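Notes to accompany the following structure.
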Amino acid sequence: METNGKLQFVSMPDIPNSSKRVILEYVFANHTNYQFWSRVKVVDREPKTVNGINTRVQCLETMERLKNDPKTGFRPKVPHDPWFGIEQEYIVTRSDNFPASYEPKDNDYSTLILYCSMGHVHDRNVALERDLSMKHLQACIYAGVNACGCIRENGPSQWEYQVGPCPGVEIGDHLQMSRYILLRLGEQYGLRVTLKSVPVRGEAFFSSGHLNFSVRKMREEGGIKFIHHAINLLAKSDPIPLLKIYDQTLDQGNTERLTNTSGRWHPKQDEFVFAGDRKDFTTIRIPPLVEAEGRGYLEDRRPPSSVDPYAAAAGLVRACIFGDFLRPGNEQLKDLSVWDKDPSEL
């Protein structure tokens with residue numbers, strides 16, 4: 001309801017359920033794979049399994065391929081045990097899709113630093129947005145979603161939370177449910193939340209979904225050598241197939257994000273850049289702590305905020321483990337026996 005022009009949320013308290021019947025809410029993504037619908041049904045008992053549908057099936061097949069590749073017959077001596085993490089950015093918007101706190105007359109957004117800030121001069125609307133961010137993190141943890149943090153991002157009314165590490169296909173399960181929870185909470189707060197990578201075409205507001213990845217060999221002592229091997233496969237791959245997997249939306253907003261030259265914090269569409277732990281224009285990054293410890297994971301900064309997590313996880317494995325997208329002349333990098341070697345042999 002509205003009181004003096006301000007939205008106040010009115011909720012009925014939870015009603016105790018003494019019945020053995022179960023209320024199920026079926027949550028499903030539409031063709032975008034990042035916008036959600038739901039419907040509620042009452043059943044006589046709690047279901048024991050759920051179906052795998054859409055890109056989840058293909059993702060599961062790729063994760064099974066890591067155990068035993070049917071194309072080559074390769075079975076690693078040590079299970080790959082793939083882990084994924086996603087840094088999900090989003091923007092709270094007005095009805096015209098511009099960020100809620102966007103004030104171009106008063107701020108130079110090309111130089112404004114909002115990242116992780118508090119008490120900033122630009123803090124219009126931030127209290128409500130920050131409360132949404134924190135309540136979302138708490139709700140995810142309560143629901144069993146593997147959310148591991150949240151921050152204020154650098155754009156106006158832009159925020160981020162992180163999900164992971166999650167094994168294999170579970171990264172999609174956890175990210176999709178975290179998105180659903182975010183959108184439901186947005187309803188309660190009276191806030192419009194968008195996961196689109198470019199909420200307003202032609203404007204320099206961009207959101208990403210950086211994808212973190214490792215297999216066991218990368219996380220063990222000397223794993224940095226296996227990380228560099230995976231990056232080498234990515235560097236010598238045709239980027240187009242993987243970029244198409246990362247952005248399956250009809251509007252292809254990620255193309256605009258990667259070709260816009262107004263900012264330096266997102267990768268370039270047509271250039272592969274690897275420069276250690278640097279972020280500016282970087283395609284693949286090794287975080288500082290990983291570099292210092294000599295093991296850990298790599299970060300692919302190309303996926304958009306609207307990324308399909310199932311498709312992206314499968315695509316990255318196909319690219320940096322199996323070499324499915326290698327350019328001609330690099331077939332030797334498809335040798336999977338490298339993953340059975342000791343780091344000293346690389």
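Labeling convention for the structure tokens: chains A, B, ... as they appear, residues from 1 per chain, ligands from 1 in order of appearance.
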
### Task
Could you give me, as a VMD selection string, the residues within 7 Å of segment 239-247 of chain A, counting only C-alpha atoms and dropping anything in the same chain fewer than 2 positions from it?
chain A and resid 237 249 252 254 303 to 304 307 to 308 311 to 312 315

### Backbone-only DSSP, strand (DSSP E) members of segment 53-181 of chain A, as JSON, numbers by chain
{"A": [83, 84, 85, 86, 87, 88, 89, 90, 91, 92, 93, 147, 148, 149, 150, 151, 152, 158, 159, 160, 161, 162, 163, 164, 165, 166, 167]}

### Message
Taking 4 positions as the minimum chain separation for residues in the same chain, which residues sit within 9 Å of Cys140 of chain A when counting only C-alpha atoms? Answer as a VMD selection string.
### Response
chain A and resid 135 to 136 144 to 147 177 to 178 181 to 182

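Distance check against Met63 of chain A using only C-alpha atoms: of A:His80, A:Arg124, A:Lys196, A:Lys105, the minimum falls on A:His80.
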
### Task
Compile the contact shell of segment 319-328 of chain A as a PyMOL selection string: residues with an atom at most 7 Å away, counting only C-alpha atoms, same-chain residues fewer than 6 positions apart removed.
chain A and resi 230-231+233-234+236-238+334

### Message
Need the shell around Asn125 of chain A: protein/DNA/RNA residues with any atom at most 12 Å away, counting only C-alpha atoms. Skip same-chain ones fewer than 2 positions apart. Format as number ranges by chain?
### Response
A: 92-94, 99-103, 119-123, 127-132, 156-158, 191

### Task
Tell me which protein, DNA and RNA residues are within 8 Å of Thr32 of chain A, counting only C-alpha atoms, leaving out same-chain ones fewer than 6 positions away, and put them as a PyMOL selection string.
chain A and resi 248-250+306

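By only C-alpha atoms, and with residues fewer than 6 positions from segment 86-88 of chain A along its chain excluded, the set lying at most 6 Å from it is A:Glu160, A:Tyr161, A:Gln162, A:Val163, A:Gly209, A:His210, A:Leu211, A:Ser305.
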
#### Entry: Picked from segment 8-229 of chain A by DSSP as helix (DSSP H, G or I), as a ChimeraX atom specification
/A:55-67,126-143,170-189,216-219,224-229

Each residue of segment 152-244 of chain A with at least one atom at most 8 Å from segment 271-294 of chain A should appear once, together with its nearest atom pair and the corresponding distance in Å (one decimal); atoms considered: only C-alpha atoms; ordering: chain, then increasing residue number; output as a Markdown table.
| residue | atom | partner | partner_atom | distance |
| --- | --- | --- | --- | --- |
| A:Glu221 | CA | A:Gly294 | CA | 7.1 |
| A:Gly222 | CA | A:Gly294 | CA | 5.9 |
| A:Gly223 | CA | A:Gly294 | CA | 6.3 |
| A:Ile224 | CA | A:Gly294 | CA | 5.0 |
| A:Ile231 | CA | A:Ile284 | CA | 7.4 |
| A:Ala235 | CA | A:Phe272 | CA | 6.3 |

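Picture a line from atom CA of Pro76 of chain A to atom CA of Asp340 of chain A; it runs 6.3 Å.
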